[in-house]
$ cat coords_21.csv   # CSV, C-alpha atoms
chain,number,residue,atom,x,y,z
A,155,MET,CA,22.6,16.6,-40.5
A,156,LYS,CA,22.2,15.1,-37.0
A,157,MET,CA,18.5,14.9,-37.4
A,158,ALA,CA,18.8,13.2,-40.8
A,159,THR,CA,21.2,10.6,-39.3
A,160,LYS,CA,18.9,9.9,-36.4
A,161,GLN,CA,15.9,9.5,-38.7
A,162,ILE,CA,17.9,7.1,-40.9
A,163,THR,CA,19.0,5.1,-37.9
A,164,LYS,CA,15.3,4.8,-36.7
A,165,LEU,CA,14.2,3.8,-40.2
A,166,PHE,CA,16.8,1.1,-40.4
A,167,ALA,CA,15.9,-0.2,-36.9
A,168,ALA,CA,12.2,-0.3,-37.9
A,169,MET,CA,13.1,-2.2,-41.1
A,170,VAL,CA,15.2,-4.7,-39.1
A,171,LEU,CA,12.4,-5.2,-36.6
A,172,ALA,CA,9.8,-5.5,-39.4
A,173,GLY,CA,12.0,-8.1,-41.0
A,174,PHE,CA,12.2,-10.1,-37.8
A,175,ALA,CA,8.4,-9.8,-37.3
A,176,SER,CA,7.5,-10.9,-40.8
A,177,HIS,CA,9.9,-13.8,-40.5
A,178,SER,CA,8.3,-14.8,-37.2
A,179,PHE,CA,4.8,-14.8,-38.6
A,180,ALA,CA,5.9,-16.7,-41.8
A,181,ALA,CA,7.7,-19.4,-39.9
A,182,ASP,CA,6.4,-23.0,-39.7
A,183,THR,CA,6.3,-22.8,-35.9
A,184,ILE,CA,5.0,-20.4,-33.4
A,185,LYS,CA,7.9,-19.6,-31.1
A,186,ILE,CA,7.4,-19.1,-27.4
A,187,GLY,CA,10.2,-17.7,-25.4
A,188,ILE,CA,10.7,-19.1,-21.9
A,189,ALA,CA,12.6,-16.7,-19.7
A,190,GLY,CA,13.8,-17.5,-16.2
A,191,PRO,CA,16.8,-18.6,-14.2
A,192,LYS,CA,18.8,-21.4,-15.7
A,193,THR,CA,21.9,-20.4,-13.7
A,194,GLY,CA,22.3,-18.8,-10.3
A,195,PRO,CA,21.0,-19.6,-6.8
A,196,LEU,CA,17.3,-19.7,-7.9
A,197,THR,CA,17.8,-22.2,-10.7
A,198,GLN,CA,15.4,-24.7,-9.0
A,199,TYR,CA,12.5,-22.4,-9.6
A,200,GLY,CA,13.5,-21.9,-13.2
A,201,ASP,CA,13.5,-25.7,-13.6
A,202,MET,CA,9.9,-25.7,-12.5
A,203,GLN,CA,8.9,-23.0,-15.0
A,204,PHE,CA,10.8,-24.6,-17.9
A,205,ALA,CA,9.4,-28.1,-17.2
A,206,GLY,CA,5.8,-26.9,-17.0
A,207,ALA,CA,6.0,-24.7,-20.1
A,208,LYS,CA,7.8,-27.4,-22.2
A,209,MET,CA,5.3,-30.1,-21.1
A,210,ALA,CA,2.4,-27.9,-22.3
A,211,ILE,CA,4.2,-27.2,-25.6
A,212,GLU,CA,4.8,-30.9,-26.1
A,213,GLN,CA,1.3,-32.0,-25.3
A,214,ILE,CA,-0.3,-29.2,-27.4
A,215,ASN,CA,1.9,-30.2,-30.4
A,216,ALA,CA,0.9,-33.9,-29.9
A,217,LYS,CA,-2.7,-32.8,-30.4
A,218,GLY,CA,-1.9,-31.0,-33.7
A,219,GLY,CA,-0.5,-27.7,-32.4
A,220,VAL,CA,-2.2,-24.4,-32.8
A,221,ASP,CA,-4.1,-23.6,-36.1
A,222,GLY,CA,-2.0,-26.2,-37.8
A,223,LYS,CA,1.3,-24.9,-36.5
A,224,LYS,CA,3.6,-26.5,-33.9
A,225,LEU,CA,4.8,-24.5,-30.9
A,226,GLU,CA,8.5,-24.2,-30.4
A,227,ALA,CA,10.2,-23.4,-27.1
A,228,VAL,CA,13.1,-20.9,-27.1
A,229,ASP,CA,15.0,-20.8,-23.8
A,230,TYR,CA,16.4,-17.6,-22.2
A,231,ASP,CA,18.4,-17.4,-19.0
A,232,ASP,CA,18.0,-14.2,-16.9
A,233,ALA,CA,19.5,-15.7,-13.7
A,234,CYS,CA,16.8,-13.8,-11.8
A,235,ASP,CA,19.0,-10.7,-12.3
A,236,PRO,CA,17.2,-7.5,-13.4
A,237,LYS,CA,20.0,-6.3,-15.7
A,238,GLN,CA,20.3,-9.7,-17.4
A,239,ALA,CA,16.5,-9.8,-17.7
A,240,VAL,CA,16.6,-6.5,-19.7
A,241,ALA,CA,19.3,-8.0,-22.0
A,242,VAL,CA,17.1,-11.1,-22.4
A,243,ALA,CA,14.0,-9.0,-23.2
A,244,ASN,CA,15.9,-7.1,-25.9
A,245,LYS,CA,17.2,-10.4,-27.3
A,246,VAL,CA,13.6,-11.7,-27.5
A,247,VAL,CA,12.7,-8.6,-29.5
A,248,ASN,CA,15.6,-9.1,-31.8
A,249,ASP,CA,14.8,-12.7,-32.2
A,250,GLY,CA,11.3,-11.8,-33.5
A,251,ILE,CA,9.5,-13.7,-30.8
A,252,LYS,CA,6.1,-12.5,-29.9
A,253,PHE,CA,5.1,-14.7,-27.0
A,254,VAL,CA,6.9,-15.2,-23.7
A,255,VAL,CA,6.3,-17.4,-20.6
A,256,GLY,CA,8.2,-15.7,-17.8
A,257,HIS,CA,10.0,-14.0,-16.2
A,258,LEU,CA,10.2,-15.6,-12.8
A,259,CYS,CA,11.5,-13.2,-10.1
A,260,SER,CA,9.5,-10.0,-9.7
A,261,SER,CA,12.6,-7.9,-9.8
A,262,SER,CA,13.5,-9.3,-13.2
A,263,THR,CA,9.9,-9.4,-14.5
A,264,GLN,CA,9.1,-5.8,-14.0
A,265,PRO,CA,11.9,-4.2,-16.2
A,266,ALA,CA,11.5,-6.9,-18.8
A,267,SER,CA,7.8,-6.3,-19.0
A,268,ASP,CA,8.4,-2.6,-19.8
A,269,ILE,CA,10.2,-3.7,-23.0
A,270,TYR,CA,7.6,-6.3,-24.0
A,271,GLU,CA,4.8,-3.8,-23.6
A,272,ASP,CA,6.6,-1.2,-25.7
A,273,GLU,CA,7.5,-3.8,-28.4
A,274,GLY,CA,4.0,-5.4,-28.5
A,275,ILE,CA,5.1,-8.8,-27.1
A,276,ILE,CA,2.8,-10.9,-24.9
A,277,MET,CA,4.4,-11.9,-21.6
A,278,ILE,CA,2.7,-14.3,-19.1
A,279,THR,CA,4.6,-14.8,-15.9
A,280,PRO,CA,3.7,-18.0,-14.0
A,281,ALA,CA,5.7,-16.9,-10.9
A,282,ALA,CA,6.2,-13.2,-10.4
A,283,THR,CA,3.9,-12.1,-7.6
A,284,GLY,CA,4.8,-8.4,-7.2
A,285,PRO,CA,1.6,-6.3,-7.6
A,286,GLU,CA,3.5,-3.5,-9.3
A,287,ILE,CA,4.0,-5.6,-12.4
A,288,THR,CA,0.4,-5.4,-13.5
A,289,ALA,CA,-0.5,-2.1,-11.9
A,290,ARG,CA,0.6,0.2,-14.8
A,291,GLY,CA,-2.2,-0.3,-17.2
A,292,TYR,CA,-0.3,-2.5,-19.6
A,293,LYS,CA,-2.3,-4.5,-22.2
A,294,MET,CA,0.3,-7.2,-23.1
A,295,ILE,CA,1.3,-8.4,-19.6
A,296,PHE,CA,-0.5,-11.2,-17.8
A,297,ARG,CA,0.2,-13.7,-15.0
A,298,THR,CA,-1.1,-17.2,-14.0
A,299,ILE,CA,-0.3,-16.9,-10.4
A,300,GLY,CA,-1.7,-14.7,-7.6
A,301,LEU,CA,-0.3,-11.5,-6.2
A,302,ASP,CA,1.6,-10.7,-3.0
A,303,SER,CA,-1.3,-8.4,-2.1
A,304,ALA,CA,-3.3,-11.6,-1.7
A,305,GLN,CA,-0.5,-13.9,-0.4
A,306,GLY,CA,0.6,-11.4,2.3
A,307,PRO,CA,-2.8,-11.2,3.9
A,308,ALA,CA,-3.3,-15.0,3.6
A,309,ALA,CA,-0.1,-15.4,5.7
A,310,GLY,CA,-0.8,-12.5,8.1
A,311,ASN,CA,-4.4,-13.7,8.8
A,312,TYR,CA,-3.2,-17.3,9.4
A,313,ILE,CA,-0.5,-16.0,11.8
A,314,ALA,CA,-2.9,-13.8,13.7
A,315,ASP,CA,-5.9,-16.2,13.8
A,316,HIS,CA,-4.2,-19.6,14.2
A,317,VAL,CA,-0.6,-19.3,15.4
A,318,LYS,CA,-1.3,-16.4,17.8
A,319,PRO,CA,2.3,-15.7,18.6
A,320,LYS,CA,3.3,-13.3,21.5
A,321,ILE,CA,6.2,-11.4,19.8
A,322,VAL,CA,6.6,-11.3,16.0
A,323,ALA,CA,9.5,-10.3,13.8
A,324,VAL,CA,9.2,-9.7,10.0
A,325,LEU,CA,12.4,-9.9,8.0
A,326,HIS,CA,13.0,-9.4,4.3
A,327,ASP,CA,15.8,-9.5,1.7
A,328,LYS,CA,15.5,-5.8,0.7
A,329,GLN,CA,14.4,-6.8,-2.8
A,330,GLN,CA,11.2,-6.0,-4.6
A,331,TYR,CA,9.5,-9.4,-4.0
A,332,GLY,CA,10.8,-10.0,-0.5
A,333,GLU,CA,10.3,-6.6,0.9
A,334,GLY,CA,6.9,-6.2,-0.8
A,335,ILE,CA,5.4,-9.3,0.6
A,336,ALA,CA,7.0,-8.7,4.1
A,337,THR,CA,5.4,-5.3,4.1
A,338,ALA,CA,2.0,-6.8,3.2
A,339,VAL,CA,2.3,-9.3,6.1
A,340,LYS,CA,3.3,-6.6,8.5
A,341,LYS,CA,0.3,-4.4,7.6
A,342,THR,CA,-2.1,-7.4,7.9
A,343,LEU,CA,-0.7,-8.3,11.3
A,344,GLU,CA,-0.9,-4.7,12.6
A,345,ASP,CA,-4.5,-4.3,11.2
A,346,LYS,CA,-5.4,-7.3,13.3
A,347,GLY,CA,-3.8,-5.9,16.4
A,348,VAL,CA,-0.6,-8.0,16.3
A,349,LYS,CA,2.4,-5.8,17.1
A,350,VAL,CA,5.5,-6.4,14.9
A,351,ALA,CA,8.5,-5.9,17.3
A,352,VAL,CA,11.2,-6.2,14.6
A,353,PHE,CA,10.9,-5.2,11.0
A,354,GLU,CA,14.3,-5.5,9.3
A,355,GLY,CA,16.0,-6.2,6.0
A,356,VAL,CA,19.0,-8.6,5.6
A,357,ASN,CA,21.4,-8.7,2.7
A,358,ALA,CA,20.7,-11.4,0.1
A,359,GLY,CA,23.7,-13.6,-0.5
A,360,GLU,CA,25.3,-13.2,3.0
A,361,LYS,CA,26.4,-16.3,4.8
A,362,ASP,CA,26.3,-15.1,8.4
A,363,TYR,CA,23.1,-13.9,9.9
A,364,SER,CA,24.2,-14.0,13.6
A,365,SER,CA,23.6,-10.2,14.1
A,366,VAL,CA,19.9,-10.3,13.2
A,367,ILE,CA,19.4,-13.6,15.1
A,368,ALA,CA,20.9,-11.9,18.2
A,369,LYS,CA,18.4,-9.0,17.7
A,370,LEU,CA,15.5,-11.5,17.5
A,371,LYS,CA,16.7,-13.3,20.7
A,372,GLN,CA,17.0,-10.0,22.5
A,373,ALA,CA,13.5,-9.1,21.6
A,374,ASN,CA,12.2,-12.6,22.8
A,375,VAL,CA,10.6,-13.2,19.4
A,376,ASP,CA,8.6,-16.4,19.1
A,377,PHE,CA,7.5,-16.0,15.5
A,378,VAL,CA,9.5,-14.9,12.4
A,379,TYR,CA,8.1,-14.2,9.0
A,380,TYR,CA,10.7,-13.9,6.2
A,381,GLY,CA,10.0,-12.3,2.8
A,382,GLY,CA,12.5,-13.6,0.2
A,383,TYR,CA,13.9,-16.8,-1.2
A,384,HIS,CA,15.1,-20.1,0.2
A,385,PRO,CA,18.9,-19.8,0.1
A,386,GLU,CA,18.9,-17.0,2.8
A,387,LEU,CA,16.0,-18.4,4.9
A,388,GLY,CA,17.7,-21.8,4.9
A,389,LEU,CA,20.8,-20.3,6.5
A,390,ILE,CA,18.8,-18.2,8.9
A,391,LEU,CA,16.8,-21.3,10.0
A,392,ARG,CA,20.0,-23.3,10.6
A,393,GLN,CA,21.9,-20.6,12.4
A,394,ALA,CA,18.8,-19.7,14.5
A,395,LYS,CA,18.6,-23.3,15.7
A,396,GLU,CA,22.4,-23.4,16.4
A,397,LYS,CA,22.1,-20.2,18.4
A,398,GLY,CA,19.1,-21.3,20.4
A,399,LEU,CA,16.4,-19.1,19.0
A,400,ASN,CA,13.2,-21.0,19.7
A,401,ALA,CA,10.8,-19.4,17.2
A,402,LYS,CA,8.4,-20.6,14.5
A,403,PHE,CA,9.2,-19.4,11.0
A,404,MET,CA,7.1,-18.7,7.9
A,405,GLY,CA,7.8,-17.6,4.4
A,406,PRO,CA,6.1,-17.2,0.9
A,407,GLU,CA,6.3,-19.5,-2.1
A,408,GLY,CA,9.8,-18.2,-2.8
A,409,VAL,CA,11.0,-20.4,0.1
A,410,GLY,CA,8.9,-23.4,-0.9
A,411,ASN,CA,11.7,-25.5,-2.4
A,412,GLU,CA,13.1,-28.8,-1.2
A,413,SER,CA,16.5,-27.2,-1.3
A,414,ILE,CA,15.6,-25.3,1.9
A,415,SER,CA,15.7,-28.6,3.8
A,416,GLN,CA,19.1,-29.4,2.3
A,417,ILE,CA,20.4,-26.0,3.6
A,418,ALA,CA,18.6,-25.9,6.9
A,419,GLN,CA,18.4,-29.7,7.6
A,420,GLY,CA,16.2,-30.4,10.6
A,421,ALA,CA,15.7,-26.7,11.3
A,422,SER,CA,13.3,-26.6,8.4
A,423,GLU,CA,10.9,-28.9,10.2
A,424,GLY,CA,7.6,-27.2,10.9
A,425,LEU,CA,8.3,-24.2,8.6
A,426,LEU,CA,5.0,-22.6,7.4
A,427,VAL,CA,4.9,-21.7,3.7
A,428,THR,CA,2.2,-20.1,1.6
A,429,LEU,CA,2.0,-21.8,-1.8
A,430,PRO,CA,-0.4,-22.1,-4.7
A,431,LYS,CA,-2.8,-25.0,-4.3
A,432,ALA,CA,-1.2,-28.4,-4.9
A,433,PHE,CA,-2.5,-28.8,-8.5
A,434,ASP,CA,-0.6,-32.1,-8.8
A,435,ALA,CA,-3.0,-33.6,-6.1
A,436,ASP,CA,-6.1,-32.8,-8.2
A,437,PRO,CA,-7.4,-36.1,-9.6
A,438,ALA,CA,-8.2,-34.3,-12.9
A,439,ASN,CA,-4.5,-33.9,-13.4
A,440,LYS,CA,-3.5,-37.5,-12.8
A,441,ALA,CA,-2.5,-38.1,-16.4
A,442,LEU,CA,-0.4,-34.9,-16.5
A,443,VAL,CA,1.3,-35.9,-13.3
A,444,GLU,CA,2.1,-39.3,-14.8
A,445,ALA,CA,3.5,-37.6,-17.9
A,446,PHE,CA,5.9,-35.6,-15.7
A,447,ALA,CA,6.9,-38.7,-13.8
A,448,ALA,CA,7.7,-40.5,-17.1
A,449,LYS,CA,10.2,-37.7,-17.8
A,450,LYS,CA,11.5,-38.0,-14.2
A,451,GLN,CA,10.4,-34.5,-13.5
A,452,ASP,CA,8.8,-33.3,-10.3
A,453,PRO,CA,5.3,-31.8,-10.8
A,454,THR,CA,4.9,-30.6,-7.2
A,455,GLY,CA,6.8,-27.3,-7.5
A,456,PRO,CA,4.7,-24.2,-7.1
A,457,PHE,CA,5.4,-22.8,-10.6
A,458,VAL,CA,5.1,-26.0,-12.7
A,459,PHE,CA,1.4,-26.0,-13.3
A,460,PRO,CA,1.1,-22.1,-13.6
A,461,ALA,CA,3.8,-22.3,-16.4
A,462,TYR,CA,1.8,-25.1,-18.1
A,463,ALA,CA,-1.3,-22.9,-17.9
A,464,ALA,CA,0.5,-19.9,-19.3
A,465,VAL,CA,1.3,-21.8,-22.5
A,466,GLU,CA,-2.3,-23.0,-22.8
A,467,VAL,CA,-3.5,-19.4,-22.4
A,468,ILE,CA,-1.2,-18.2,-25.2
A,469,ALA,CA,-2.4,-21.1,-27.4
A,470,GLY,CA,-6.0,-20.5,-26.6
A,471,GLY,CA,-5.7,-16.8,-27.2
A,472,ILE,CA,-4.2,-17.4,-30.7
A,473,GLU,CA,-7.0,-19.8,-31.6
A,474,GLN,CA,-9.7,-17.4,-30.2
A,475,ALA,CA,-8.2,-14.4,-32.1
A,476,LYS,CA,-7.6,-16.5,-35.2
A,477,SER,CA,-4.4,-14.6,-35.5
A,478,GLU,CA,-0.8,-14.6,-34.3
A,479,ASP,CA,-0.9,-10.8,-34.0
A,480,PRO,CA,0.0,-10.2,-30.3
A,481,ALA,CA,-2.3,-7.2,-30.0
A,482,LYS,CA,-5.3,-9.3,-31.2
A,483,VAL,CA,-4.2,-12.3,-29.0
A,484,ALA,CA,-3.9,-10.0,-26.0
A,485,GLU,CA,-7.4,-8.7,-26.6
A,486,ALA,CA,-8.7,-12.2,-26.8
A,487,ILE,CA,-7.0,-13.2,-23.6
A,488,HIS,CA,-8.5,-10.3,-21.8
A,489,LYS,CA,-12.0,-11.4,-22.9
A,490,GLY,CA,-11.7,-15.1,-22.8
A,491,THR,CA,-11.8,-17.9,-20.2
A,492,TYR,CA,-9.3,-20.7,-20.5
A,493,LYS,CA,-9.5,-24.2,-19.2
A,494,THR,CA,-6.2,-25.3,-17.7
A,495,PRO,CA,-4.9,-27.7,-15.1
A,496,THR,CA,-4.9,-24.9,-12.6
A,497,GLY,CA,-8.6,-24.2,-13.2
A,498,ASN,CA,-10.7,-22.1,-15.6
A,499,LEU,CA,-8.6,-18.9,-15.9
A,500,LYS,CA,-10.2,-15.5,-16.5
A,501,PHE,CA,-8.2,-12.3,-16.4
A,502,ASP,CA,-9.1,-8.9,-15.1
A,503,ALA,CA,-8.3,-5.6,-16.9
A,504,LYS,CA,-4.8,-5.5,-15.4
A,505,GLY,CA,-3.9,-9.0,-16.7
A,506,ASP,CA,-4.1,-10.7,-13.3
A,507,VAL,CA,-5.9,-14.0,-13.0
A,508,GLU,CA,-9.1,-13.8,-11.0
A,509,ASP,CA,-9.7,-15.6,-7.7
A,510,PHE,CA,-6.3,-17.2,-7.3
A,511,LYS,CA,-5.9,-18.7,-3.8
A,512,PHE,CA,-2.8,-19.3,-1.7
A,513,VAL,CA,-2.7,-22.2,0.7
A,514,VAL,CA,-0.7,-22.5,4.0
A,515,TYR,CA,1.4,-25.6,4.3
A,516,GLU,CA,3.7,-27.0,7.0
A,517,TRP,CA,7.1,-28.2,5.8
A,518,HIS,CA,8.4,-31.5,6.9
A,519,PHE,CA,12.1,-32.4,6.7
A,520,GLY,CA,12.4,-35.3,4.2
A,521,LYS,CA,8.6,-35.8,4.0
A,522,PRO,CA,5.8,-34.3,2.0
A,523,LYS,CA,4.4,-30.9,3.1
A,524,THR,CA,0.9,-30.9,4.7
A,525,GLU,CA,-1.8,-28.4,4.2
A,526,VAL,CA,-2.8,-26.5,7.4
A,527,SER,CA,-5.1,-23.8,6.0
A,528,PRO,CA,-8.5,-23.8,7.6
A,529,GLN,CA,-11.1,-25.5,5.3
$ encode --input "coords_21.csv" --output "structure tokens"
Amino acid sequence: MKMATKQITKLFAAMVLAGFASHSFAADTIKIGIAGPKTGPLTQYGDMQFAGAKMAIEQINAKGGVDGKKLEAVDYDDACDPKQAVAVANKVVNDGIKFVVGHLCSSSTQPASDIYEDEGIIMITPAATGPEITARGYKMIFRTIGLDSAQGPAAGNYIADHVKPKIVAVLHDKQQYGEGIATAVKKTLEDKGVKVAVFEGVNAGEKDYSSVIAKLKQANVDFVYYGGYHPELGLILRQAKEKGLNAKFMGPEGVGNESISQIAQGASEGLLVTLPKAFDADPANKALVEAFAAKKQDPTGPFVFPAYAAVEVIAGGIEQAKSEDPAKVAEAIHKGTYKTPTGNLKFDAKGDVEDFKFVVYEWHFGKPKTEVSPQ
């Protein structure tokens, strides 16, 4: 009797999902879910992703859409929280959506991607850089940004070859993204003969970092790399300056947000940040930059153009496959090359974009950042 009940439940669930799928394919629009933080401390990064993806949808629709159908954005808020991301992914499944741009934070993207792969939904993240996300042999998961396994060495090599500090500390926020990239930086530094005197995690969301700053001062640290996001590093920068720690700081694209200067004020001056290339500065993207300006949107954020590119890849995959079947579209994406504002994108077998470069910038309080990477 229990087996019969379970079989009936499975059959009903399959019928419901089939109903959603057939409705999705029969619709007049092709729905694209956009999943990322619309609430919480990392909303600014979500704003970049939503702005980029929606601009691509608008401009593709203005040119006639995809195979005669318009694209339609459906927003989902995961607050960069893993549990909420799982709930969002399940809602995407229940909503019958077959294409997703997102998620944003690596810790949210990884559990959501498990669901999308199982349910045959294409996900392209324009922001999650954790290598583990695409290391599991999945066929439906892609990204239009580089990996921490590339970003970490880019930072570590720059520190060793150009900054040449005497005593280095590497901090992280104990989360998948932050600890992962901090570990990659530490390994690169040690491989180049640079000793890391302090390697320590801090608690995300705390307001007082005086204990770790005291430890850095005691170790006479003159350079600090931080793996994590801008809210915590902003406070660490400000408190370090207040407590007289004279050290240069560096972080990944997760700290590359103008809000870090609002938190740290003048203490953010001279911060080094690894970011994607400034796609908004490419003359070929002038019209697109103007389109963002007309909407009073900032195109300079690190995830704006990769999110735009993610939509273009989905649209191009549908056209190349001549189908909205996600399995066929995923196969096309794996085989194709897609012209986007971030370059001609080609994906490897894991779904990672090939030859993505991270650039080192110096942050200036109240002024544009400047590229300091060796040419």
$ atom_distance --input "coords_21.csv" --atom1 "atom CA of A:Ala308" --atom2 "atom CA of A:Val458"
21.4 Å
$ residues_around --input "coords_21.csv" --residues "stretch 240-245 of chain A" --least-positions-apart "3" --cutoff "10 Å" --atoms "only C-alpha atoms" --output "list in words"
Gly187, Ala189, Gly190, Tyr230, Asp231, Asp232, Asp235, Pro236, Lys237, Asn248, Asp249, Gly250, Ile251, Val254, His257, Ser262, Thr263, Gln264, Pro265, Ala266, Ser267, Asp268, Ile269, Tyr270, Glu273 and Ile275 of chain A
$ residues_around --input "coords_21.csv" --residues "stretch 318-321 of chain A" --least-positions-apart "6" --cutoff "7 Å" --atoms "all atoms listed in the file" --output "list in words"
Ala351, Asn374, Val375, Asp376 and Phe377 of chain A
$ atom_distance --input "coords_21.csv" --atom1 "atom CA of A:Ser364" --atom2 "atom CA of A:Val350"
20.2 Å
$ atom_distance --input "coords_21.csv" --atom1 "atom CA of A:Ile188" --atom2 "atom CA of A:Val246"
9.7 Å
$ closest_residue --input "coords_21.csv" --among "A:Gly520, A:Gly347, A:Pro280, A:Pro191" --to "A:Glu466" --atoms "all atoms listed in the file"
A:Pro280
$ residues_around --input "coords_21.csv" --residues "A:His518" --least-positions-apart "2" --cutoff "8 Å" --atoms "all atoms listed in the file" --output "NGL selection string"
:A and (422-425 or 516 or 520-524)
$ closest_residue --input "coords_21.csv" --among "A:Leu391, A:Ala401, A:Ala358, A:Tyr331" --to "A:Leu370" --atoms "only C-alpha atoms"
A:Ala401
$ closest_residue --input "coords_21.csv" --among "A:Glu226, A:Asp362, A:Glu271, A:Glu412" --to "A:Lys397" --atoms "only C-alpha atoms"
A:Asp362
$ closest_residue --input "coords_21.csv" --among "A:Lys252, A:Ala233, A:Gly470, A:Ile299" --to "A:Leu196" --atoms "only C-alpha atoms"
A:Ala233
$ closest_residue --input "coords_21.csv" --among "A:Pro528, A:Met404, A:Ala503, A:Val356" --to "A:Ile295" --atoms "all atoms listed in the file"
A:Ala503
